[in-house]
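This is query.cif (mmCIF, C-alpha atoms).
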```
data_work
#
loop_
_atom_site.label_atom_id
_atom_site.label_comp_id
_atom_site.auth_asym_id
_atom_site.auth_seq_id
_atom_site.Cartn_x
_atom_site.Cartn_y
_atom_site.Cartn_z
CA MET R 1 -3.74 -11.23 -24.66
CA ASP R 2 -2.26 -13.12 -21.72
CA SER R 3 -5.62 -13.95 -20.17
CA SER R 4 -4.13 -15.53 -17.04
CA LEU R 5 -2.11 -12.42 -16.29
CA PHE R 6 -5.16 -10.25 -16.96
CA GLN R 7 -7.23 -12.32 -14.54
CA TYR R 8 -4.51 -12.29 -11.92
CA ALA R 9 -3.90 -8.54 -12.12
CA LEU R 10 -7.67 -8.03 -11.82
CA ARG R 11 -7.78 -10.36 -8.85
CA MET R 12 -5.02 -8.48 -7.05
CA GLY R 13 -6.41 -5.10 -8.06
CA ASP R 14 -9.96 -5.95 -7.03
CA THR R 15 -8.89 -7.48 -3.72
CA THR R 16 -6.81 -4.46 -2.72
CA LEU R 17 -9.47 -2.05 -4.01
CA ILE R 18 -12.39 -3.64 -2.17
CA LEU R 19 -10.44 -4.01 1.07
CA SER R 20 -9.34 -0.39 0.73
CA GLN R 21 -12.97 0.66 0.31
CA ARG R 22 -13.95 -1.39 3.35
CA LEU R 23 -11.24 0.20 5.49
CA SER R 24 -12.15 3.68 4.29
CA GLN R 25 -15.60 3.12 5.80
CA TRP R 26 -13.91 3.40 9.20
CA CYS R 27 -12.86 6.99 8.46
CA GLY R 28 -14.31 9.10 11.25
CA HIS R 29 -15.55 6.01 13.10
CA GLY R 30 -12.33 4.56 14.53
CA PRO R 31 -12.36 3.73 18.26
CA ALA R 32 -9.49 6.19 18.81
CA LEU R 33 -7.97 8.89 16.65
CA GLU R 34 -4.76 6.89 16.16
CA GLU R 35 -6.73 3.84 15.03
CA ASP R 36 -8.79 5.93 12.68
CA LEU R 37 -5.61 7.34 11.12
CA ALA R 38 -3.92 3.96 10.93
CA LEU R 39 -6.82 2.29 9.12
CA THR R 40 -7.21 5.13 6.65
CA ASN R 41 -3.45 5.01 6.00
CA LEU R 42 -3.78 1.31 5.26
CA SER R 43 -6.73 2.05 3.04
CA LEU R 44 -4.69 4.59 1.10
CA ASP R 45 -1.76 2.21 0.62
CA LEU R 46 -4.12 -0.48 -0.67
CA LEU R 47 -5.85 1.99 -2.97
CA GLY R 48 -2.49 2.97 -4.48
CA GLN R 49 -1.63 -0.68 -4.98
CA ALA R 50 -5.04 -1.32 -6.54
CA ARG R 51 -4.41 1.45 -9.06
CA LEU R 52 -1.12 -0.18 -10.09
CA TRP R 53 -2.69 -3.63 -10.48
CA LEU R 54 -5.76 -2.38 -12.34
CA THR R 55 -3.64 -0.25 -14.67
CA LEU R 56 -1.59 -3.37 -15.42
CA ALA R 57 -4.80 -5.36 -16.00
CA GLY R 58 -5.99 -2.73 -18.48
CA GLU R 59 -2.64 -2.78 -20.29
CA VAL R 60 -2.60 -6.56 -20.53
CA GLU R 61 -6.20 -6.67 -21.75
CA GLY R 62 -5.43 -4.06 -24.40
CA ALA R 63 -9.08 -3.09 -24.85
CA GLY R 64 -8.68 0.51 -23.73
CA ARG R 65 -9.99 0.06 -20.19
CA ASP R 66 -8.06 2.09 -17.65
CA GLU R 67 -8.05 1.78 -13.84
CA ASP R 68 -11.13 3.99 -13.49
CA ARG R 69 -13.23 2.10 -16.01
CA LEU R 70 -12.28 -1.18 -14.39
CA ALA R 71 -13.04 0.10 -10.90
CA TYR R 72 -16.26 1.99 -11.56
CA LEU R 73 -17.95 0.28 -14.45
CA ARG R 74 -17.99 -3.41 -13.61
CA ASP R 75 -20.72 -5.21 -11.69
CA ALA R 76 -20.25 -7.70 -8.88
CA PRO R 77 -20.02 -10.88 -11.03
CA GLU R 78 -17.18 -9.24 -13.01
CA TYR R 79 -15.23 -8.52 -9.84
CA ARG R 80 -12.44 -10.99 -9.10
CA ASN R 81 -11.54 -10.15 -5.51
CA TYR R 82 -11.14 -12.77 -2.83
CA LEU R 83 -14.26 -12.99 -0.67
CA LEU R 84 -12.34 -12.10 2.49
CA ALA R 85 -11.87 -8.52 1.24
CA GLU R 86 -15.59 -7.85 0.85
CA ARG R 87 -16.72 -9.23 4.21
CA PRO R 88 -18.40 -6.57 6.36
CA ASN R 89 -16.35 -4.53 8.83
CA GLY R 90 -18.36 -5.66 11.85
CA HIS R 91 -16.89 -4.36 15.10
CA TYR R 92 -13.27 -3.32 15.42
CA GLY R 93 -12.14 -6.82 16.36
CA ASP R 94 -13.81 -8.23 13.23
CA THR R 95 -11.95 -5.70 11.07
CA ILE R 96 -8.63 -6.43 12.77
CA ALA R 97 -9.08 -10.20 12.47
CA ARG R 98 -9.82 -9.88 8.74
CA GLN R 99 -6.89 -7.50 8.28
CA PHE R 100 -4.39 -9.62 10.18
CA LEU R 101 -5.14 -12.83 8.28
CA PHE R 102 -5.05 -10.92 5.00
CA ASP R 103 -1.89 -8.93 5.75
CA VAL R 104 0.16 -12.01 6.58
CA TRP R 105 -0.99 -13.73 3.37
CA HIS R 106 -0.36 -10.55 1.38
CA TYR R 107 3.14 -10.26 2.82
CA PHE R 108 4.21 -13.81 1.89
CA LEU R 109 2.56 -13.56 -1.53
CA LEU R 110 4.28 -10.27 -2.40
CA GLN R 111 7.60 -11.68 -1.25
CA GLY R 112 7.19 -14.36 -3.91
CA LEU R 113 5.83 -12.04 -6.59
CA ALA R 114 8.75 -9.63 -6.10
CA SER R 115 10.86 -12.16 -8.05
CA SER R 116 8.28 -12.52 -10.83
CA ALA R 117 9.54 -13.19 -14.36
CA ASP R 118 7.24 -10.34 -15.44
CA GLU R 119 9.04 -7.15 -14.46
CA ARG R 120 5.79 -5.17 -14.09
CA VAL R 121 4.47 -7.69 -11.56
CA ALA R 122 7.82 -7.73 -9.77
CA ALA R 123 7.91 -3.92 -9.55
CA ILE R 124 4.38 -3.63 -8.11
CA ALA R 125 5.07 -6.43 -5.64
CA ALA R 126 8.43 -5.04 -4.46
CA LYS R 127 6.89 -1.61 -3.94
CA SER R 128 3.83 -2.96 -2.13
CA LEU R 129 5.84 -5.32 0.04
CA LYS R 130 7.44 -2.45 1.96
CA GLU R 131 4.04 -1.04 2.82
CA VAL R 132 2.51 -4.39 3.64
CA THR R 133 5.34 -5.24 6.04
CA TYR R 134 4.17 -2.32 8.19
CA HIS R 135 0.54 -3.42 7.83
CA ALA R 136 1.27 -6.99 8.92
CA ARG R 137 3.30 -5.91 11.95
CA ARG R 138 0.65 -3.49 13.08
CA SER R 139 -2.31 -5.81 12.70
CA ALA R 140 -0.43 -8.51 14.63
CA ASP R 141 0.16 -5.96 17.42
CA LEU R 142 -3.56 -5.25 17.55
CA VAL R 143 -4.49 -8.94 17.57
CA VAL R 144 -2.23 -9.44 20.59
CA ARG R 145 -3.56 -6.35 22.32
CA LEU R 146 -7.20 -7.34 21.85
CA GLY R 147 -6.72 -11.09 22.31
CA ASP R 148 -4.60 -10.76 25.42
CA GLY R 149 -6.71 -7.88 26.69
CA THR R 150 -9.85 -7.97 28.75
CA GLU R 151 -12.23 -10.90 29.00
CA LEU R 152 -14.61 -9.04 26.69
CA SER R 153 -12.01 -8.17 24.04
CA HIS R 154 -10.59 -11.70 24.17
CA GLY R 155 -13.99 -13.28 23.62
CA ARG R 156 -14.88 -10.96 20.78
CA MET R 157 -11.51 -11.45 19.10
CA GLN R 158 -11.84 -15.23 19.28
CA ALA R 159 -15.32 -15.11 17.75
CA ALA R 160 -14.19 -12.69 15.04
CA LEU R 161 -11.30 -14.95 14.13
CA GLU R 162 -13.48 -18.03 13.87
CA GLU R 163 -16.01 -16.27 11.69
CA ILE R 164 -13.56 -14.85 9.13
CA TRP R 165 -11.41 -18.00 9.18
CA PHE R 166 -13.71 -19.77 6.69
CA TYR R 167 -12.83 -17.18 4.07
CA VAL R 168 -9.03 -17.62 4.15
CA GLY R 169 -9.16 -20.94 2.32
CA GLU R 170 -9.50 -19.56 -1.18
CA LEU R 171 -6.39 -17.40 -0.71
CA PHE R 172 -4.41 -20.63 -0.91
CA VAL R 173 -6.07 -22.26 -3.91
CA ASP R 174 -4.03 -22.86 -7.05
CA ASP R 175 -6.73 -22.54 -9.69
CA ASP R 176 -5.98 -22.60 -13.45
CA VAL R 177 -4.90 -18.95 -13.46
CA VAL R 178 -2.41 -19.31 -10.61
CA ALA R 179 -1.14 -22.67 -11.88
CA ASP R 180 -0.52 -21.29 -15.36
CA LEU R 181 1.30 -18.18 -14.09
CA ALA R 182 3.29 -20.10 -11.48
CA GLY R 183 4.38 -22.50 -14.19
CA ARG R 184 5.78 -19.58 -16.14
CA GLY R 185 7.46 -17.97 -13.15
CA ILE R 186 5.12 -14.97 -13.28
CA ALA R 187 3.27 -15.81 -10.06
CA VAL R 188 3.93 -18.26 -7.26
CA SER R 189 1.91 -21.21 -6.03
CA HIS R 190 -0.63 -19.96 -3.49
CA GLU R 191 -0.92 -23.36 -1.89
CA ALA R 192 2.79 -23.22 -1.13
CA LEU R 193 2.23 -20.05 0.94
CA TRP R 194 0.19 -21.92 3.53
CA PRO R 195 2.96 -23.33 5.80
CA ALA R 196 4.72 -19.97 6.36
CA TRP R 197 1.37 -18.20 6.76
CA HIS R 198 0.03 -20.79 9.17
CA GLU R 199 3.20 -20.79 11.26
CA HIS R 200 3.23 -17.02 11.66
CA VAL R 201 -0.50 -16.78 12.36
CA ALA R 202 -0.23 -19.58 14.94
CA ALA R 203 2.66 -17.81 16.70
CA VAL R 204 0.82 -14.49 16.92
CA LEU R 205 -2.41 -16.14 18.10
CA GLN R 206 -0.51 -17.99 20.78
CA GLU R 207 0.97 -14.74 22.02
CA ALA R 208 -2.54 -13.28 21.90
CA THR R 209 -3.84 -16.22 24.00
CA LEU R 210 -6.26 -17.01 21.19
CA ARG R 211 -7.15 -20.46 19.92
CA LEU R 212 -6.01 -21.26 16.40
CA PRO R 213 -9.04 -22.40 14.38
CA ASP R 214 -8.87 -25.76 12.60
CA ALA R 215 -7.09 -25.79 9.26
CA ALA R 216 -9.86 -27.97 7.83
CA ASP R 217 -12.43 -25.22 8.44
CA ALA R 218 -10.54 -22.98 6.04
CA ARG R 219 -10.99 -25.50 3.22
CA HIS R 220 -14.75 -25.45 2.91
CA PRO R 221 -15.70 -24.94 -0.76
CA ALA R 222 -18.89 -23.08 0.19
CA TYR R 223 -16.73 -20.13 1.17
CA GLN R 224 -14.89 -19.87 -2.13
CA GLY R 225 -15.61 -18.28 -5.50
CA GLY R 226 -14.41 -14.68 -5.48
CA PRO R 227 -11.76 -15.09 -8.20
CA SER R 228 -14.36 -16.60 -10.52
CA GLY R 229 -16.94 -13.90 -9.80
CA ARG R 230 -19.18 -15.71 -7.30
CA HIS R 231 -19.49 -13.27 -4.44
CA THR R 232 -21.31 -12.87 -1.17
CA GLU R 233 -24.18 -10.38 -1.07
CA ALA R 234 -21.85 -7.95 0.75
CA LEU R 235 -20.01 -6.95 -2.44
CA GLY R 236 -23.06 -5.41 -4.10
CA TYR R 237 -23.43 -2.94 -1.25
CA VAL R 238 -19.74 -2.00 -1.40
CA LEU R 239 -19.97 -1.37 -5.14
CA ALA R 240 -23.22 0.56 -4.82
CA GLU R 241 -21.50 3.03 -2.52
CA MET R 242 -18.20 3.13 -4.40
CA GLN R 243 -19.63 3.40 -7.91
CA HIS R 244 -22.67 5.55 -7.21
CA LEU R 245 -21.25 8.80 -8.51
CA GLN R 246 -19.83 7.42 -11.77
CA ARG R 247 -22.99 5.42 -12.43
CA THR R 248 -25.23 8.41 -11.81
CA TYR R 249 -23.10 11.00 -13.60
CA PRO R 250 -21.10 9.01 -16.19
CA GLY R 251 -17.72 10.58 -16.92
CA ALA R 252 -17.96 13.04 -14.02
CA SER R 253 -14.56 14.34 -12.96
CA TRP R 254 -13.17 17.18 -10.87
CA MET D 1 23.75 14.60 -23.17
CA VAL D 2 24.72 14.69 -26.82
CA ASN D 3 24.89 18.25 -28.08
CA THR D 4 24.86 17.63 -31.80
CA LEU D 5 21.87 19.68 -32.86
CA PRO D 6 22.18 23.45 -32.77
CA ASP D 7 18.90 23.85 -30.89
CA THR D 8 20.17 21.77 -28.00
CA LEU D 9 22.52 24.61 -27.15
CA GLU D 10 19.55 26.72 -26.14
CA ARG D 11 18.24 24.10 -23.77
CA PRO D 12 19.07 24.39 -20.13
CA SER D 13 21.50 21.70 -19.01
CA THR D 14 20.21 18.91 -16.82
CA GLN D 15 22.38 20.40 -14.08
CA GLN D 16 20.46 23.65 -14.46
CA LEU D 17 17.15 21.79 -14.40
CA ARG D 18 18.25 20.08 -11.21
CA THR D 19 18.95 23.45 -9.59
CA TRP D 20 15.44 24.59 -10.43
CA LEU D 21 13.84 21.41 -9.08
CA ALA D 22 15.53 22.12 -5.74
CA GLY D 23 12.88 24.85 -5.48
CA VAL D 24 9.93 22.44 -5.71
CA PRO D 25 8.74 21.61 -2.18
CA ASP D 26 6.93 18.53 -0.96
CA PRO D 27 3.34 19.76 -0.43
CA GLU D 28 3.01 18.05 2.95
CA ILE D 29 6.48 18.84 4.29
CA PRO D 30 7.51 22.10 2.62
CA VAL D 31 11.03 22.12 4.12
CA LEU D 32 11.83 19.17 1.85
CA SER D 33 12.39 19.64 -1.86
CA VAL D 34 11.61 16.89 -4.34
CA LEU D 35 15.38 16.42 -4.64
CA ASP D 36 15.79 16.06 -0.85
CA LEU D 37 13.10 13.36 -0.93
CA GLY D 38 15.09 11.42 -3.51
CA ILE D 39 12.14 10.86 -5.82
CA VAL D 40 13.65 12.46 -8.94
CA ARG D 41 15.40 9.51 -10.56
CA GLU D 42 16.37 10.98 -13.92
CA LEU D 43 16.36 14.23 -15.88
CA ARG D 44 16.88 14.19 -19.62
CA TRP D 45 15.92 15.77 -22.88
CA ASP D 46 13.96 13.78 -25.44
CA GLY D 47 14.00 16.03 -28.49
CA ALA D 48 12.33 19.21 -27.33
CA SER D 49 10.71 17.53 -24.33
CA CYS D 50 12.14 17.69 -20.88
CA VAL D 51 11.59 14.28 -19.31
CA VAL D 52 11.48 14.07 -15.52
CA THR D 53 11.38 10.54 -14.14
CA ILE D 54 10.02 10.30 -10.64
CA THR D 55 9.46 7.35 -8.38
CA PRO D 56 6.46 7.34 -6.04
CA THR D 57 7.06 7.30 -2.30
CA TYR D 58 4.05 5.33 -1.01
CA SER D 59 1.67 3.72 -3.54
CA GLY D 60 -1.28 5.75 -2.35
CA CYS D 61 0.49 9.00 -1.48
CA PRO D 62 -1.89 11.77 -2.60
CA ALA D 63 1.02 14.24 -2.69
CA MET D 64 2.43 12.65 -5.85
CA GLN D 65 -0.08 14.44 -8.07
CA GLU D 66 0.69 17.76 -6.39
CA ILE D 67 4.39 17.11 -6.80
CA SER D 68 4.02 16.53 -10.54
CA ALA D 69 2.05 19.76 -10.83
CA GLY D 70 4.73 21.56 -8.80
CA ILE D 71 7.51 20.30 -11.08
CA ARG D 72 5.61 21.45 -14.17
CA ALA D 73 4.91 24.88 -12.70
CA GLU D 74 8.50 25.44 -11.61
CA LEU D 75 9.96 24.43 -14.97
CA ALA D 76 7.37 26.54 -16.80
CA ARG D 77 8.43 29.52 -14.67
CA HIS D 78 11.90 29.10 -16.19
CA GLY D 79 10.53 28.83 -19.71
CA VAL D 80 10.48 25.04 -20.01
CA ASP D 81 6.93 24.28 -21.09
CA ASP D 82 7.32 20.95 -22.81
CA VAL D 83 7.61 18.67 -19.80
CA ARG D 84 6.84 14.98 -19.65
CA ILE D 85 6.71 13.32 -16.23
CA GLU D 86 7.30 9.61 -16.23
CA THR D 87 6.77 7.31 -13.28
CA ARG D 88 9.22 4.54 -12.49
CA LEU D 89 8.29 1.92 -9.90
CA ALA D 90 11.48 -0.14 -9.74
CA PRO D 91 13.65 0.01 -7.82
CA ALA D 92 11.13 1.00 -5.17
CA TRP D 93 11.68 4.32 -3.41
CA THR D 94 13.52 4.16 -0.11
CA THR D 95 14.23 6.75 2.58
CA ASP D 96 17.90 5.85 2.03
CA TRP D 97 17.65 8.14 -1.01
CA MET D 98 16.83 11.16 1.12
CA THR D 99 19.68 13.66 1.20
CA PRO D 100 21.54 14.42 4.45
CA ALA D 101 20.40 18.04 4.02
CA GLY D 102 16.83 16.82 3.75
CA LYS D 103 17.13 14.76 6.92
CA ALA D 104 18.59 17.75 8.77
CA ALA D 105 15.76 19.98 7.51
CA LEU D 106 13.17 17.47 8.75
CA LYS D 107 14.63 17.56 12.23
CA GLY D 108 14.62 21.36 12.24
CA TYR D 109 10.96 21.21 11.22
CA GLY D 110 10.08 19.04 14.23
CA ILE D 111 9.93 15.69 12.44
CA ALA D 112 12.38 13.00 13.51
CA PRO D 113 14.23 11.84 10.37
CA PRO D 114 14.38 8.15 9.41
CA ARG D 115 17.09 6.44 11.46
CA GLU D 116 17.79 2.94 10.30
CA GLN D 117 18.24 1.81 6.73
CA ALA D 118 15.17 0.98 4.66
CA VAL D 119 12.37 -1.02 6.30
CA ASP D 120 13.37 -4.60 6.95
CA ILE D 121 11.16 -6.71 4.71
CA SER D 122 12.94 -9.98 5.42
CA GLY D 123 10.59 -11.06 8.18
CA LEU D 124 7.54 -10.19 10.23
CA SER D 125 9.14 -9.92 13.65
CA ARG D 126 7.33 -7.22 15.58
CA ARG D 127 10.34 -6.33 17.70
CA SER D 128 12.29 -3.70 15.86
CA ALA D 129 16.03 -3.89 16.40
CA ALA D 130 16.34 -0.22 15.59
CA PRO D 131 16.48 2.17 18.55
CA ALA D 132 13.61 4.61 19.00
CA PRO D 133 14.07 7.95 17.24
CA GLU D 134 15.40 10.89 19.24
CA CYS D 135 12.93 13.59 20.18
CA PRO D 136 13.34 16.40 17.61
CA HIS D 137 12.35 18.94 20.28
CA CYS D 138 14.63 18.13 23.24
CA GLY D 139 16.98 15.51 21.77
CA SER D 140 16.12 12.85 24.36
CA PRO D 141 16.44 9.21 23.21
CA ARG D 142 13.63 8.24 25.61
CA THR D 143 10.67 8.17 23.24
CA ARG D 144 7.67 5.89 22.87
CA LEU D 145 5.69 4.79 19.82
CA ILE D 146 2.05 5.87 19.94
CA SER D 147 1.01 4.69 16.49
CA GLN D 148 2.80 3.12 13.54
CA PHE D 149 0.70 5.37 11.29
CA GLY D 150 0.58 9.13 11.76
CA SER D 151 -0.82 12.11 9.93
CA THR D 152 0.45 10.80 6.57
CA ALA D 153 1.46 7.36 5.31
CA CYS D 154 5.17 8.17 5.64
CA LYS D 155 5.05 9.13 9.31
CA ALA D 156 4.60 7.38 12.66
CA LEU D 157 3.47 9.10 15.83
CA TYR D 158 5.74 9.15 18.89
CA ARG D 159 5.79 10.82 22.28
CA CYS D 160 8.87 11.97 24.13
CA VAL D 161 9.03 10.59 27.67
CA ALA D 162 11.43 13.34 28.74
CA CYS D 163 9.68 16.49 27.54
CA GLY D 164 6.21 15.01 27.07
CA GLU D 165 5.78 16.40 23.54
CA PRO D 166 4.31 14.26 20.79
CA PHE D 167 6.15 14.26 17.47
CA ASP D 168 6.09 12.74 14.00
CA TYR D 169 8.75 10.29 12.91
CA PHE D 170 9.48 9.92 9.21
CA LYS D 171 9.49 6.14 8.92
CA ALA D 172 12.38 4.27 7.35
CA HIS D 173 11.03 2.81 4.15
#
```

Take the structure I supplied and represent it as structure tokens, if you would.
Amino acid sequence: MDSSLFQYALRMGDTTLILSQRLSQWCGHGPALEEDLALTNLSLDLLGQARLWLTLAGEVEGAGRDEDRLAYLRDAPEYRNYLLAERPNGHYGDTIARQFLFDVWHYFLLQGLASSADERVAAIAAKSLKEVTYHARRSADLVVRLGDGTELSHGRMQAALEEIWFYVGELFVDDDVVADLAGRGIAVSHEALWPAWHEHVAAVLQEATLRLPDAADARHPAYQGGPSGRHTEALGYVLAEMQHLQRTYPGASW
Amino acid sequence: MVNTLPDTLERPSTQQLRTWLAGVPDPEIPVLSVLDLGIVRELRWDGASCVVTITPTYSGCPAMQEISAGIRAELARHGVDDVRIETRLAPAWTTDWMTPAGKAALKGYGIAPPREQAVDISGLSRRSAAPAPECPHCGSPRTRLISQFGSTACKALYRCVACGEPFDYFKAH
């Protein structure tokens, strides 16, 4: 088994799955019908991508685990998602801040992965990239609208940004898994994504009249650990809700 | 197709299969057939199995399962029971594969068809160079985006400034 590829596919699958689950929690609670629809559309795109990544992870592992078993029958320490994805929704500005920083990273990452030496990775990335381009444009629009909005929305957006900012650091870490795959042309260096990400985020924040948080704050090791299974307490609650039915009625289907 | 075995003569040709698939509608937008959508990438026989290769539109599109069921049902109606549906991700589906007839049908149905070529993934500029879609009701080019995401993943919501009607736009993808 290619354990690095297994870990990486899990990481991508878990990150998109958990963020999808988070966004789905807005269903019926959006501040406006259009926002409700947009977030649930995003959630659906991410769920579809998660299915592709988790199916790939199961294939690479070769132990007979399919997407459903991986999604429903693992506990928090076995989850490999980046911490950013599991952070609570908070208010709408919190959700948009989290989404914007993630979308821009996701976009640049998928652009790189679309040329992966592994054709399965390349196919998933190329397909996802089209969807994520829409996500990234939309969340930037919202950041500008809320940041350059009223005094209240500006203040809340700035605070939201500064709170979630700590969690972006680990998106750019080249751990053993990334380094191994990047060396083989299967993945790309995550650290190398930082300049393009930072430049775009800075430009959007400037337009939004928001202050760009310090780069150093995104490097704090206390806010890292998702890919190795060290999560915040928030993940357990997400899994409890998401896995409840399969845990209570194993094998239930309809 | 290689017609070397006698039993292959009894099989419908792929051209015939294609004609039948033109009768399988998209569950969300019934004026479009699966062929109009451009998701049927290949039709072939593998022994006695009819293999239909489809490519998903959006990763999370819930209609894909319905579409597979629709293809099976339609082929079964014509006596083809042994059907295998394979999914192919690459190259990724694009609205460029929609047929001109499909785009015309969309417009007649009140949904503005995709205008520009596939979504521009080369950068994150928020200013689209593409002109706004024409209102499918009154034909006015004066339309305004309400939301990038509409009633389904493939559609955006617009409003016509001229006639005041809201409408769906099938996004270029």

Subject >> chain D residues near chain R (9 Å cut-off, all atoms listed in the file) as JSON, numbers by chain >> reply: {"D": [58, 59, 60, 61, 62, 89, 90, 91, 92, 93, 118, 119, 120, 121, 122, 123, 124, 125, 126, 146, 147, 148, 149, 150, 151, 152, 153, 157, 173]}

Original post:
Counting only C-alpha atoms, which of R:Gly112, R:Pro88, R:Gly169, R:Gly13 gets nearest to R:Glu67?
Top reply: R:Gly13

**OP:** Starting from the shown file, work through the PyMOL selection byres ((chain R and resi 100) around 8) and note down what comes out as a ChimeraX atom specification.
**Re:** /R:96-99,101-104,136,139-140,143

**OP:** Rank R:Ser24, R:Ser228, R:Gln206, R:Ser153 by their smallest atom-to-atom distance to R:Asp176, using all atoms listed in the file, and report the top residue only.
**Re:** R:Ser228

Subject >> Separation of atom CA of D:Pro166 from atom CA of R:Cys27 in Å >> reply: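 Computing it gives 22.4 Å between the two atoms.
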
Subject >> Result set of the PyMOL selection byres ((chain D and resi 130-145) around 12) on the coordinates above, as number ranges by chain >> reply: R: 34, 138; D: 103-120, 126-129, 146-150, 155-172

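With all atoms listed in the file as the atoms that count, the residue of R:Val238, R:Ala159, R:Val177, R:Leu17 with the shortest distance to R:Ser189 is R:Val177.
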
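Shortest atom-to-atom contact with R:Ala117 among R:Arg87, R:Arg184, R:His29, R:Arg65: R:Arg184, counting all atoms listed in the file.
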
Original post:
Evaluating the PyMOL selection byres ((chain R and resi 4) around 12) on the displayed file yields which residues, as a list in words?
Top reply: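 Applying the expression gives Met1, Asp2, Ser3, Leu5, Phe6, Gln7, Tyr8, Ala9, Leu10, Arg11, Ala57, Val60, Glu61, Asp175, Asp176, Val177, Val178, Ala179, Asp180, Leu181, Ala182, Gly183, Arg184, Ile186, Ala187 and Pro227 of chain R.
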
Subject >> Between atom CA of R:Glu78 and atom CA of R:Leu239 - distance in Å to one decimal >> reply: 11.5 Å

**OP:** Would you mind listing what lies within 12 Å of stretch 64-80 of chain D as an MDAnalysis selection string, with all atoms listed in the file counted and same-chain residues fewer than 6 positions away left out?
**Re:** (chainID R and resid 48) or (chainID D and resid 10:14 16:30 32:35 37 39:40 43 45 48:58 86:87)

Subject >> Atomic separation - atom CA of R:Tyr79 relative to atom CA of R:His198, Å >> reply: 27.3 Å
